[in-house]
$ cat query.pdb   # PDB, C-alpha atoms and all ligand atoms
ATOM      1  CA  MET P   1     -30.230 156.419 161.499
ATOM      2  CA  ARG P   2     -26.712 157.691 161.021
ATOM      3  CA  GLU P   3     -26.050 160.786 158.922
ATOM      4  CA  PHE P   4     -22.736 161.935 157.500
ATOM      5  CA  ARG P   5     -21.310 164.989 159.246
ATOM      6  CA  GLY P   6     -17.665 165.084 158.103
ATOM      7  CA  ASP P   7     -15.925 166.775 155.173
ATOM      8  CA  PHE P   8     -15.857 165.336 151.686
ATOM      9  CA  GLY P   9     -14.089 165.920 148.388
ATOM     10  CA  VAL P  10     -15.347 165.692 144.795
ATOM     11  CA  ILE P  11     -13.472 164.703 141.649
ATOM     12  CA  GLY P  12     -15.295 166.087 138.607
ATOM     13  CA  GLY P  13     -16.982 169.475 138.298
ATOM     14  CA  GLY P  14     -19.678 168.515 135.781
ATOM     15  CA  ARG P  15     -23.447 168.192 136.111
ATOM     16  CA  LEU P  16     -23.553 165.934 139.156
ATOM     17  CA  GLY P  17     -20.420 167.345 140.804
ATOM     18  CA  LEU P  18     -21.646 170.951 140.842
ATOM     19  CA  GLN P  19     -25.223 170.013 141.802
ATOM     20  CA  LEU P  20     -23.756 168.004 144.685
ATOM     21  CA  LEU P  21     -21.717 170.983 145.879
ATOM     22  CA  HIS P  22     -24.786 173.187 145.755
ATOM     23  CA  ARG P  23     -26.899 170.680 147.691
ATOM     24  CA  ALA P  24     -24.178 169.950 150.241
ATOM     25  CA  HIS P  25     -23.893 173.654 150.980
ATOM     26  CA  HIS P  26     -27.669 173.801 151.495
ATOM     27  CA  CYS P  27     -27.432 170.797 153.867
ATOM     28  CA  ARG P  28     -24.483 172.351 155.735
ATOM     29  CA  LEU P  29     -21.970 169.711 154.632
ATOM     30  CA  ARG P  30     -18.482 170.941 153.848
ATOM     31  CA  CYS P  31     -16.782 170.155 150.568
ATOM     32  CA  ARG P  32     -13.139 170.647 151.357
ATOM     33  CA  ARG P  33     -11.731 170.034 147.918
ATOM     34  CA  LEU P  34     -12.926 169.809 144.309
ATOM     35  CA  ARG P  35     -10.694 168.514 141.539
ATOM     36  CA  VAL P  36     -11.578 169.420 137.962
ATOM     37  CA  ARG P  37      -9.982 168.991 134.582
ATOM     38  CA  GLY P  38      -8.692 171.803 132.364
ATOM     39  CA  THR P  39      -9.721 175.297 133.332
ATOM     40  CA  PRO P  40     -11.168 175.250 136.833
ATOM     41  CA  VAL P  41     -14.812 176.196 137.074
ATOM     42  CA  THR P  42     -15.303 178.893 139.665
ATOM     43  CA  PRO P  43     -18.094 177.689 141.909
ATOM     44  CA  ASP P  44     -19.381 179.957 144.623
ATOM     45  CA  PRO P  45     -16.485 179.984 147.151
ATOM     46  CA  ALA P  46     -19.031 179.333 149.887
ATOM     47  CA  HIS P  47     -19.669 175.901 148.318
ATOM     48  CA  VAL P  48     -16.103 174.561 148.333
ATOM     49  CA  ASP P  49     -12.811 175.344 150.065
ATOM     50  CA  VAL P  50     -10.239 174.480 147.378
ATOM     51  CA  VAL P  51     -10.473 173.905 143.628
ATOM     52  CA  ASP P  52      -7.522 172.242 141.929
ATOM     53  CA  THR P  53      -6.834 170.402 138.689
ATOM     54  CA  TRP P  54      -4.950 167.272 137.673
ATOM     55  CA  ASP P  55      -2.399 169.571 136.036
ATOM     56  CA  GLU P  56      -1.992 171.789 139.085
ATOM     57  CA  PRO P  57      -2.819 169.682 142.132
ATOM     58  CA  GLY P  58      -2.927 171.638 145.375
ATOM     59  CA  GLN P  59      -1.074 170.464 148.481
ATOM     60  CA  GLU P  60      -4.129 170.423 150.755
ATOM     61  CA  PRO P  61      -4.969 166.993 152.209
ATOM     62  CA  TRP P  62      -7.992 165.144 150.861
ATOM     63  CA  PRO P  63     -10.868 164.560 153.289
ATOM     64  CA  PRO P  64     -11.754 160.955 154.249
ATOM     65  CA  LEU P  65     -14.748 160.681 151.841
ATOM     66  CA  LEU P  66     -14.110 161.161 148.101
ATOM     67  CA  VAL P  67     -16.891 161.256 145.525
ATOM     68  CA  VAL P  68     -15.802 160.418 141.965
ATOM     69  CA  ALA P  69     -18.230 162.313 139.697
ATOM     70  CA  VAL P  70     -16.711 161.776 136.238
ATOM     71  CA  PRO P  71     -18.256 159.987 133.220
ATOM     72  CA  ASP P  72     -18.496 156.203 133.632
ATOM     73  CA  ARG P  73     -15.786 155.676 131.005
ATOM     74  CA  ALA P  74     -13.274 157.701 133.089
ATOM     75  CA  ILE P  75     -13.925 156.229 136.565
ATOM     76  CA  ALA P  76     -11.316 153.444 136.387
ATOM     77  CA  THR P  77      -8.657 155.877 135.102
ATOM     78  CA  VAL P  78      -9.442 158.380 137.844
ATOM     79  CA  ALA P  79      -9.352 155.576 140.444
ATOM     80  CA  GLU P  80      -5.873 154.592 139.264
ATOM     81  CA  ALA P  81      -4.725 158.216 139.325
ATOM     82  CA  LEU P  82      -6.036 158.639 142.889
ATOM     83  CA  ALA P  83      -4.412 155.393 144.013
ATOM     84  CA  THR P  84      -1.004 156.571 142.842
ATOM     85  CA  SER P  85      -1.228 160.209 143.973
ATOM     86  CA  VAL P  86      -3.240 160.213 147.226
ATOM     87  CA  ASP P  87      -2.779 158.358 150.520
ATOM     88  CA  LEU P  88      -6.072 156.462 150.543
ATOM     89  CA  LEU P  89      -5.480 154.290 153.597
ATOM     90  CA  GLY P  90      -8.637 154.452 155.712
ATOM     91  CA  SER P  91     -10.529 156.601 153.172
ATOM     92  CA  THR P  92     -13.864 155.911 151.561
ATOM     93  CA  VAL P  93     -14.151 156.389 147.796
ATOM     94  CA  ILE P  94     -17.550 156.279 146.087
ATOM     95  CA  HIS P  95     -18.625 156.813 142.489
ATOM     96  CA  ALA P  96     -22.040 157.856 141.175
ATOM     97  CA  SER P  97     -22.552 155.590 138.174
ATOM     98  CA  GLY P  98     -25.850 153.729 138.002
ATOM     99  CA  ALA P  99     -24.496 151.099 135.613
ATOM    100  CA  LEU P 100     -21.094 150.263 137.136
ATOM    101  CA  THR P 101     -20.428 148.521 140.422
ATOM    102  CA  SER P 102     -17.890 149.451 143.071
ATOM    103  CA  ASP P 103     -15.394 147.052 141.449
ATOM    104  CA  VAL P 104     -14.462 149.778 138.950
ATOM    105  CA  LEU P 105     -12.757 151.462 141.946
ATOM    106  CA  ALA P 106     -10.534 148.391 142.488
ATOM    107  CA  ALA P 107      -7.351 150.470 142.251
ATOM    108  CA  CYS P 108      -8.507 152.580 145.251
ATOM    109  CA  ARG P 109      -9.468 149.419 147.171
ATOM    110  CA  ASP P 110      -6.001 147.968 146.517
ATOM    111  CA  ALA P 111      -4.522 151.211 147.853
ATOM    112  CA  GLY P 112      -6.333 150.805 151.198
ATOM    113  CA  ALA P 113      -9.679 152.586 150.652
ATOM    114  CA  ALA P 114     -13.136 151.131 151.203
ATOM    115  CA  VAL P 115     -15.174 151.624 148.013
ATOM    116  CA  ALA P 116     -18.843 151.824 147.063
ATOM    117  CA  SER P 117     -21.121 152.851 144.238
ATOM    118  CA  TRP P 118     -23.726 155.459 145.123
ATOM    119  CA  HIS P 119     -26.376 156.289 142.525
ATOM    120  CA  PRO P 120     -29.060 158.951 143.044
ATOM    121  CA  LEU P 121     -32.103 158.011 140.944
ATOM    122  CA  GLN P 122     -32.498 161.529 139.655
ATOM    123  CA  THR P 123     -31.530 163.683 136.705
ATOM    124  CA  PHE P 124     -28.914 166.385 137.319
ATOM    125  CA  PRO P 125     -28.901 169.046 134.600
ATOM    126  CA  PRO P 126     -26.152 171.671 134.317
ATOM    127  CA  ILE P 127     -26.370 173.804 137.463
ATOM    128  CA  ALA P 128     -26.754 176.968 135.375
ATOM    129  CA  SER P 129     -30.026 175.660 133.862
ATOM    130  CA  ALA P 130     -31.828 174.308 136.945
ATOM    131  CA  THR P 131     -31.277 173.201 140.533
ATOM    132  CA  ALA P 132     -31.900 169.485 141.042
ATOM    133  CA  VAL P 133     -34.383 168.086 143.566
ATOM    134  CA  TRP P 134     -32.690 165.837 146.165
ATOM    135  CA  ASP P 135     -35.340 165.392 148.875
ATOM    136  CA  GLY P 136     -36.720 161.850 148.920
ATOM    137  CA  VAL P 137     -34.648 160.701 145.932
ATOM    138  CA  PRO P 138     -33.831 156.952 146.170
ATOM    139  CA  CYS P 139     -30.080 156.324 146.143
ATOM    140  CA  ALA P 140     -28.838 152.827 145.187
ATOM    141  CA  VAL P 141     -25.758 151.790 147.156
ATOM    142  CA  GLU P 142     -23.488 148.735 147.016
ATOM    143  CA  GLY P 143     -19.882 148.076 147.929
ATOM    144  CA  ASP P 144     -17.521 147.170 150.748
ATOM    145  CA  PRO P 145     -19.329 146.934 154.119
ATOM    146  CA  GLY P 146     -17.557 149.969 155.635
ATOM    147  CA  ALA P 147     -18.069 152.103 152.546
ATOM    148  CA  GLU P 148     -21.726 151.068 152.171
ATOM    149  CA  GLY P 149     -22.544 152.456 155.615
ATOM    150  CA  ALA P 150     -20.751 155.725 154.833
ATOM    151  CA  ALA P 151     -22.498 156.000 151.438
ATOM    152  CA  HIS P 152     -25.916 155.458 153.078
ATOM    153  CA  ALA P 153     -25.117 158.117 155.689
ATOM    154  CA  PHE P 154     -23.894 160.565 153.017
ATOM    155  CA  ALA P 155     -27.101 160.047 150.972
ATOM    156  CA  ARG P 156     -29.275 160.631 154.065
ATOM    157  CA  SER P 157     -27.392 163.826 154.924
ATOM    158  CA  LEU P 158     -28.325 165.163 151.485
ATOM    159  CA  GLY P 159     -32.016 164.339 152.035
ATOM    160  CA  MET P 160     -32.078 161.159 149.912
ATOM    161  CA  ASP P 161     -33.460 157.709 150.754
ATOM    162  CA  PRO P 162     -30.586 155.216 150.346
ATOM    163  CA  TRP P 163     -31.205 151.516 149.684
ATOM    164  CA  SER P 164     -28.902 148.544 149.080
ATOM    165  CA  ILE P 165     -28.805 147.071 145.581
ATOM    166  CA  ARG P 166     -27.182 143.778 144.583
ATOM    167  CA  ALA P 167     -24.137 144.449 142.388
ATOM    168  CA  ALA P 168     -25.419 141.978 139.755
ATOM    169  CA  ASP P 169     -28.671 143.971 139.406
ATOM    170  CA  LYS P 170     -27.041 147.307 138.589
ATOM    171  CA  PRO P 171     -26.949 147.034 134.760
ATOM    172  CA  LEU P 172     -30.661 146.134 134.552
ATOM    173  CA  TYR P 173     -31.581 148.715 137.196
ATOM    174  CA  HIS P 174     -29.763 151.406 135.219
ATOM    175  CA  ALA P 175     -31.339 150.320 131.929
ATOM    176  CA  ALA P 176     -34.804 150.725 133.484
ATOM    177  CA  ALA P 177     -33.804 154.108 134.952
ATOM    178  CA  SER P 178     -32.652 155.267 131.509
ATOM    179  CA  VAL P 179     -35.944 154.239 129.913
ATOM    180  CA  ALA P 180     -38.001 155.997 132.608
ATOM    181  CA  GLY P 181     -35.836 159.119 132.702
ATOM    182  CA  ASN P 182     -33.868 159.738 129.519
ATOM    183  CA  LEU P 183     -36.141 158.045 126.946
ATOM    184  CA  CYS P 184     -39.260 159.514 128.532
ATOM    185  CA  HIS P 185     -37.564 162.933 128.307
ATOM    186  CA  ALA P 186     -36.634 162.429 124.631
ATOM    187  CA  VAL P 187     -40.107 161.189 123.639
ATOM    188  CA  VAL P 188     -41.890 164.066 125.381
ATOM    189  CA  ALA P 189     -39.439 166.663 123.998
ATOM    190  CA  ALA P 190     -39.912 165.300 120.458
ATOM    191  CA  ALA P 191     -43.711 165.399 120.844
ATOM    192  CA  ALA P 192     -43.453 168.988 122.136
ATOM    193  CA  ASP P 193     -41.481 169.918 118.985
ATOM    194  CA  VAL P 194     -44.303 168.503 116.832
ATOM    195  CA  MET P 195     -46.909 170.345 118.909
ATOM    196  CA  ARG P 196     -45.110 173.646 118.325
ATOM    197  CA  THR P 197     -45.495 173.122 114.566
ATOM    198  CA  CYS P 198     -49.256 172.699 115.187
ATOM    199  CA  GLY P 199     -49.342 176.051 117.032
ATOM    200  CA  LEU P 200     -50.097 174.809 120.567
ATOM    201  CA  PRO P 201     -49.622 177.863 122.844
ATOM    202  CA  PRO P 202     -47.295 177.443 125.850
ATOM    203  CA  ALA P 203     -48.995 176.756 129.217
ATOM    204  CA  ASP P 204     -48.301 179.696 131.628
ATOM    205  CA  GLY P 205     -46.265 181.514 128.978
ATOM    206  CA  GLU P 206     -43.149 179.335 129.181
ATOM    207  CA  ARG P 207     -43.730 175.616 129.651
ATOM    208  CA  SER P 208     -45.039 173.516 126.786
ATOM    209  CA  GLY P 209     -48.812 173.342 126.545
ATOM    210  CA  LEU P 210     -48.313 169.569 126.787
ATOM    211  CA  ALA P 211     -47.612 169.936 130.519
ATOM    212  CA  PRO P 212     -51.123 169.074 131.859
ATOM    213  CA  LEU P 213     -51.361 165.970 129.637
ATOM    214  CA  VAL P 214     -47.849 164.728 130.350
ATOM    215  CA  GLU P 215     -48.046 165.398 134.086
ATOM    216  CA  SER P 216     -51.369 163.527 134.373
ATOM    217  CA  SER P 217     -49.991 160.632 132.321
ATOM    218  CA  VAL P 218     -46.816 160.369 134.383
ATOM    219  CA  ALA P 219     -48.848 160.492 137.613
ATOM    220  CA  ALA P 220     -51.058 157.656 136.266
ATOM    221  CA  ALA P 221     -48.031 155.631 135.142
ATOM    222  CA  LEU P 222     -46.533 155.937 138.631
ATOM    223  CA  SER P 223     -49.760 154.928 140.423
ATOM    224  CA  THR P 224     -50.352 151.485 141.906
ATOM    225  CA  HIS P 225     -52.535 150.406 138.936
ATOM    226  CA  PRO P 226     -50.789 152.056 135.962
ATOM    227  CA  TRP P 227     -52.107 149.793 133.195
ATOM    228  CA  GLU P 228     -55.746 150.275 134.224
ATOM    229  CA  ARG P 229     -55.325 154.041 133.870
ATOM    230  CA  LEU P 230     -53.715 153.962 130.415
ATOM    231  CA  THR P 231     -55.816 155.782 127.774
ATOM    232  CA  GLY P 232     -55.409 156.588 124.083
ATOM    233  CA  ALA P 233     -56.091 155.173 120.653
ATOM    234  CA  ALA P 234     -53.908 152.059 120.972
ATOM    235  CA  ALA P 235     -55.229 151.181 124.437
ATOM    236  CA  ARG P 236     -58.812 151.547 123.091
ATOM    237  CA  GLY P 237     -58.071 149.418 120.061
ATOM    238  CA  ASP P 238     -58.652 152.261 117.565
ATOM    239  CA  MET P 239     -56.018 150.904 115.224
ATOM    240  CA  ALA P 240     -57.102 152.946 112.184
ATOM    241  CA  THR P 241     -56.290 156.051 114.239
ATOM    242  CA  VAL P 242     -52.961 154.551 115.271
ATOM    243  CA  ARG P 243     -52.092 153.851 111.619
ATOM    244  CA  GLU P 244     -52.855 157.497 110.790
ATOM    245  CA  HIS P 245     -50.589 158.628 113.663
ATOM    246  CA  LEU P 246     -47.769 156.523 112.243
ATOM    247  CA  ARG P 247     -48.272 158.051 108.788
ATOM    248  CA  ARG P 248     -48.263 161.661 110.085
ATOM    249  CA  LEU P 249     -45.427 161.662 112.621
ATOM    250  CA  PRO P 250     -41.829 162.405 111.571
ATOM    251  CA  PRO P 251     -39.919 159.145 111.039
ATOM    252  CA  PRO P 252     -37.919 158.886 114.287
ATOM    253  CA  LEU P 253     -40.994 159.551 116.398
ATOM    254  CA  ALA P 254     -43.157 157.225 114.258
ATOM    255  CA  ASP P 255     -40.551 154.472 114.716
ATOM    256  CA  ALA P 256     -40.478 155.032 118.479
ATOM    257  CA  TYR P 257     -44.310 154.983 118.588
ATOM    258  CA  GLU P 258     -44.494 151.744 116.628
ATOM    259  CA  SER P 259     -41.836 150.026 118.694
ATOM    260  CA  LEU P 260     -43.702 150.893 121.909
ATOM    261  CA  LEU P 261     -47.062 149.544 120.741
ATOM    262  CA  PRO P 262     -46.395 146.043 122.144
ATOM    263  CA  LEU P 263     -46.199 147.632 125.590
ATOM    264  CA  VAL P 264     -49.491 149.470 125.141
ATOM    265  CA  ARG P 265     -51.519 146.746 123.472
ATOM    266  CA  ARG P 266     -49.846 143.371 123.401
ATOM    267  CA  ASP P 267     -52.801 141.564 121.768
ATOM    268  CA  THR P 268     -53.279 143.802 118.716
ATOM    269  CA  ALA P 269     -49.914 145.502 118.202
ATOM    270  CA  SER P 270     -49.373 143.756 114.865
ATOM    271  CA  ASP P 271     -52.725 145.127 113.541
ATOM    272  CA  CYS P 272     -51.274 148.541 112.881
ATOM    273  CA  VAL P 273     -48.288 147.470 110.817
ATOM    274  CA  ASP P 274     -49.133 148.050 107.148
TER     275      ASP P 274
HETATM  276  N1  LIG P 301     -26.085 163.946 135.378
HETATM  277  C1  LIG P 301     -26.948 163.044 135.850
HETATM  278  O1  LIG P 301     -28.173 163.184 135.666
HETATM  279  C2  LIG P 301     -26.462 161.863 136.648
HETATM  280  C3  LIG P 301     -27.400 161.192 137.462
HETATM  281  C4  LIG P 301     -26.962 160.130 138.245
HETATM  282  C5  LIG P 301     -25.640 159.729 138.193
HETATM  283  N2  LIG P 301     -24.759 160.373 137.363
HETATM  284  C6  LIG P 301     -23.367 159.895 137.310
HETATM  285  O2  LIG P 301     -22.477 160.928 137.701
HETATM  286  C7  LIG P 301     -21.237 160.767 137.022
HETATM  287  C8  LIG P 301     -20.894 162.097 136.354
HETATM  288  O3  LIG P 301     -21.903 162.398 135.424
HETATM  289  P1  LIG P 301     -22.166 163.911 134.946
HETATM  290  O4  LIG P 301     -23.497 163.912 134.288
HETATM  291  O5  LIG P 301     -21.894 164.854 136.064
HETATM  292  O6  LIG P 301     -21.037 164.064 133.819
HETATM  293  P2  LIG P 301     -20.501 165.406 133.162
HETATM  294  O7  LIG P 301     -21.481 166.513 133.304
HETATM  295  O8  LIG P 301     -20.020 165.025 131.809
HETATM  296  O9  LIG P 301     -19.260 165.815 134.083
HETATM  297  C9  LIG P 301     -18.150 164.990 134.206
HETATM  298  C10 LIG P 301     -16.976 165.780 134.749
HETATM  299  O10 LIG P 301     -15.856 164.898 134.826
HETATM  300  C11 LIG P 301     -14.740 165.497 134.173
HETATM  301  N3  LIG P 301     -13.914 164.451 133.552
HETATM  302  C12 LIG P 301     -14.119 163.785 132.403
HETATM  303  N4  LIG P 301     -13.142 162.890 132.190
HETATM  304  C13 LIG P 301     -12.277 163.044 133.209
HETATM  305  C14 LIG P 301     -11.047 162.428 133.528
HETATM  306  N5  LIG P 301     -10.520 161.474 132.752
HETATM  307  N6  LIG P 301     -10.423 162.826 134.636
HETATM  308  C15 LIG P 301     -10.954 163.776 135.441
HETATM  309  N7  LIG P 301     -12.124 164.402 135.196
HETATM  310  C16 LIG P 301     -12.769 164.026 134.085
HETATM  311  C17 LIG P 301     -15.350 166.394 133.105
HETATM  312  O11 LIG P 301     -14.410 167.377 132.743
HETATM  313  P3  LIG P 301     -14.425 167.983 131.254
HETATM  314  O12 LIG P 301     -15.626 168.895 131.233
HETATM  315  O13 LIG P 301     -13.124 168.686 131.173
HETATM  316  O14 LIG P 301     -14.544 166.809 130.306
HETATM  317  C18 LIG P 301     -16.563 166.952 133.858
HETATM  318  O15 LIG P 301     -16.217 168.041 134.687
HETATM  319  C19 LIG P 301     -21.406 159.608 136.021
HETATM  320  O16 LIG P 301     -20.894 158.428 136.598
HETATM  321  C20 LIG P 301     -22.921 159.503 135.901
HETATM  322  O17 LIG P 301     -23.343 158.182 135.580
HETATM  323  C21 LIG P 301     -25.135 161.449 136.604
END

$ encode --input "query.pdb" --output "structure tokens"
Amino acid sequence: MREFRGDFGVIGGGRLGLQLLHRAHHCRLRCRRLRVRGTPVTPDPAHVDVVDTWDEPGQEPWPPLLVVAVPDRAIATVAEALATSVDLLGSTVIHASGALTSDVLAACRDAGAAVASWHPLQTFPPIASATAVWDGVPCAVEGDPGAEGAAHAFARSLGMDPWSIRAADKPLYHAAASVAGNLCHAVVAAAADVMRTCGLPPADGERSGLAPLVESSVAAALSTHPWERLTGAAARGDMATVREHLRRLPPPLADAYESLLPLVRRDTASDCVD
């Protein structure tokens, strides 16, 4: 299977952009140019050849693959800016949004580029706080035929497992990803805050003492028979206990708990509502 071995450029030096530079360096891919906004970040010079800004664009040519790593709301604007300021004929332009399709890059397509969307199913925190895991991460790709092949190859070169998604499925796919990633994160972090007030000591001195429970639960949820392995008061039908949980938890967490009960116990969810 083909891997990408050329040079690439990145527009956007935020969470994904800087994690991508770090990973590309590890995988011996060369980022020739990074464009940021405002004050340039100063990434390790080994990770990128040239850093420029929209205000002070350098004269260096852009490489044939451009990755647009800006917030979803800015992708169309950046695409228009690229189309008017860069010779895109024969280039490939990809963006990393999970929710938007390649059509948001229409301005680049009209200017002669092949375009694709390229979404790693992973969370990328600020590079200063943690280094993201890339190996084996599924990467959803859709777009123009030429760009799709390049986006698959680029994903493989970074150690990911690319797959082709239908454009019409992207909004639902991204909604499910947000539930599994972001909402799961928020629920666990909120529960960890409550646990701290109960005095639970950290596991290994740093991580929350909830780690063994949460890691076992996530492993069970990701197994081939997740619903058979679900435990807890609601799954057992101990609704008096569930009602007490709802009374004791702080309101946002109690609301989240109650709204999730239909998933846990569809038959008796209404039993616990006072
Ligand atoms: N982070 C993740 O976990 C993750 C995972 C998968 C996919 N993605 C996708 O990756 C893309 C970037 O997300 P992110 O989390 O890296 O966002 P981010 O951390 O907010 O970084 C976005 C970067 O884009 C710059 N930017 C904002 N508006 C711009 C504009 N109009 N023109 C040029 N640059 C602009 C920002 O500069 P300023 O700091 O000056 O505003 C910032 O450097 C999004 O499409 C997102 O859906 C992210």

$ closest_atom_pairs --input "query.pdb" --of "chain P" --to "ligand LIG 301 (chain P)" --cutoff "8 Å" --atoms "all atoms listed in the file" --output "tab-separated table"
residue	atom	partner	partner_atom	distance
P:Ile11	CA	P:LIG301	N7	6.6
P:Gly12	CA	P:LIG301	O10	4.0
P:Gly13	CA	P:LIG301	O15	4.0
P:Gly14	CA	P:LIG301	O9	3.2
P:Arg15	CA	P:LIG301	O5	3.7
P:Leu16	CA	P:LIG301	O5	3.7
P:Gly17	CA	P:LIG301	O5	5.6
P:Leu18	CA	P:LIG301	O5	7.8
P:Arg35	CA	P:LIG301	N7	7.7
P:Val36	CA	P:LIG301	N7	5.8
P:Arg37	CA	P:LIG301	O13	4.6
P:Gly38	CA	P:LIG301	O13	5.5
P:Thr39	CA	P:LIG301	O13	7.7
P:Trp54	CA	P:LIG301	C15	7.3
P:Val68	CA	P:LIG301	C7	7.4
P:Ala69	CA	P:LIG301	C8	4.3
P:Val70	CA	P:LIG301	O10	3.5
P:Pro71	CA	P:LIG301	C19	4.2
P:Asp72	CA	P:LIG301	O16	4.4
P:Arg73	CA	P:LIG301	N4	7.8
P:Ala74	CA	P:LIG301	N5	4.7
P:Ile75	CA	P:LIG301	O16	7.3
P:Thr77	CA	P:LIG301	N5	6.3
P:Val78	CA	P:LIG301	N6	5.6
P:His95	CA	P:LIG301	O16	6.5
P:Ala96	CA	P:LIG301	C6	4.6
P:Ser97	CA	P:LIG301	O16	3.6
P:Gly98	CA	P:LIG301	O17	5.7
P:Ala99	CA	P:LIG301	O17	7.2
P:His119	CA	P:LIG301	C5	5.6
P:Pro120	CA	P:LIG301	C4	5.4
P:Leu121	CA	P:LIG301	C4	6.2
P:Gln122	CA	P:LIG301	C3	5.6
P:Thr123	CA	P:LIG301	O1	3.5
P:Phe124	CA	P:LIG301	O1	3.7
P:Pro125	CA	P:LIG301	N1	5.9
P:Pro126	CA	P:LIG301	O7	7.0

$ resolve_selection --input "query.pdb" --expression "the PyMOL selection byres (((chain P and resi 245) around 12) and not hetatm)" --output "list in words"
Gly232, Ala233, Ala234, Asp238, Met239, Ala240, Thr241, Val242, Arg243, Glu244, Leu246, Arg247, Arg248, Leu249, Pro250, Pro251, Leu253, Ala254, Asp255, Ala256, Tyr257, Glu258, Cys272 and Val273 of chain P

$ atom_distance --input "query.pdb" --atom1 "CA of Thr224 (chain P)" --atom2 "CA of Gly181 (chain P)"
18.8 Å

$ atom_distance --input "query.pdb" --atom1 "CA of Ser117 (chain P)" --atom2 "CA of Ser223 (chain P)"
29.0 Å

$ atom_distance --input "query.pdb" --atom1 "CA of Leu82 (chain P)" --atom2 "CA of Leu65 (chain P)"
12.7 Å

$ resolve_selection --input "query.pdb" --expression "the PyMOL selection byres (((chain P and resi 168) around 12) and not hetatm)" --output "number ranges by chain"
P: 98-103, 142-143, 164-167, 169-174

$ closest_residue --input "query.pdb" --among "P:Asp49, P:Glu206, P:Glu148, P:Asp7" --to "Trp163 (chain P)" --atoms "only C-alpha atoms"
P:Glu148

$ resolve_selection --input "query.pdb" --expression "the PyMOL selection byres (((chain P and resi 91) around 9) and not hetatm)" --output "ChimeraX atom specification"
/P:63-66,87-90,92-93,112-115,147

$ write_last_selection --input "query.pdb" --atoms "C-alpha atoms" --output "mmCIF file, keeping the file's coordinate frame"
data_model
loop_
_atom_site.group_PDB
_atom_site.id
_atom_site.type_symbol
_atom_site.label_atom_id
_atom_site.label_comp_id
_atom_site.auth_asym_id
_atom_site.auth_seq_id
_atom_site.Cartn_x
_atom_site.Cartn_y
_atom_site.Cartn_z
ATOM 1 C CA PRO P 63 -10.868 164.560 153.289
ATOM 2 C CA PRO P 64 -11.754 160.955 154.249
ATOM 3 C CA LEU P 65 -14.748 160.681 151.841
ATOM 4 C CA LEU P 66 -14.110 161.161 148.101
ATOM 5 C CA ASP P 87 -2.779 158.358 150.520
ATOM 6 C CA LEU P 88 -6.072 156.462 150.543
ATOM 7 C CA LEU P 89 -5.480 154.290 153.597
ATOM 8 C CA GLY P 90 -8.637 154.452 155.712
ATOM 9 C CA THR P 92 -13.864 155.911 151.561
ATOM 10 C CA VAL P 93 -14.151 156.389 147.796
ATOM 11 C CA GLY P 112 -6.333 150.805 151.198
ATOM 12 C CA ALA P 113 -9.679 152.586 150.652
ATOM 13 C CA ALA P 114 -13.136 151.131 151.203
ATOM 14 C CA VAL P 115 -15.174 151.624 148.013
ATOM 15 C CA ALA P 147 -18.069 152.103 152.546
#

$ residues_around --input "query.pdb" --residues "region 216-221 of chain P" --least-positions-apart "3" --cutoff "12 Å" --atoms "only C-alpha atoms" --output "ChimeraX atom specification"
/P:180-181,184-185,188,210-213,224-232,264

$ residues_around --input "query.pdb" --residues "Arg156 (chain P)" --least-positions-apart "6" --cutoff "9 Å" --atoms "only C-alpha atoms" --output "list in words"
Met1, Arg2, Glu3, Phe4 and Pro162 of chain P

$ closest_residue --input "query.pdb" --among "P:Leu200, P:Val179, P:Leu158, P:Ala130" --to "Leu29 (chain P)" --atoms "all atoms listed in the file"
P:Leu158

$ axis_aligned_box --input "query.pdb" --around "region 69-81 of chain P" --padding-each-side "5 Å" --output "AutoDock Vina command-line options"
--center_x -11.6 --center_y 157.9 --center_z 135.7 --size_x 23.8 --size_y 18.9 --size_z 19.4

$ closest_residue --input "query.pdb" --among "P:Ala111, P:Leu260, P:Cys139, P:Ala76" --to "Leu183 (chain P)" --atoms "only C-alpha atoms"
P:Leu260

$ closest_residue --input "query.pdb" --among "P:Pro57, P:Gly209, P:Gly237, P:Gly159" --to "Asp135 (chain P)" --atoms "only C-alpha atoms"
P:Gly159

$ closest_residue --input "query.pdb" --among "P:Val214, P:Ala151, P:Ala140, P:Ile94" --to "Ala191 (chain P)" --atoms "all atoms listed in the file"
P:Val214

$ closest_residue --input "query.pdb" --among "P:Val187, P:Leu222, P:Leu261, P:Arg23" --to "Trp134 (chain P)" --atoms "all atoms listed in the file"
P:Arg23
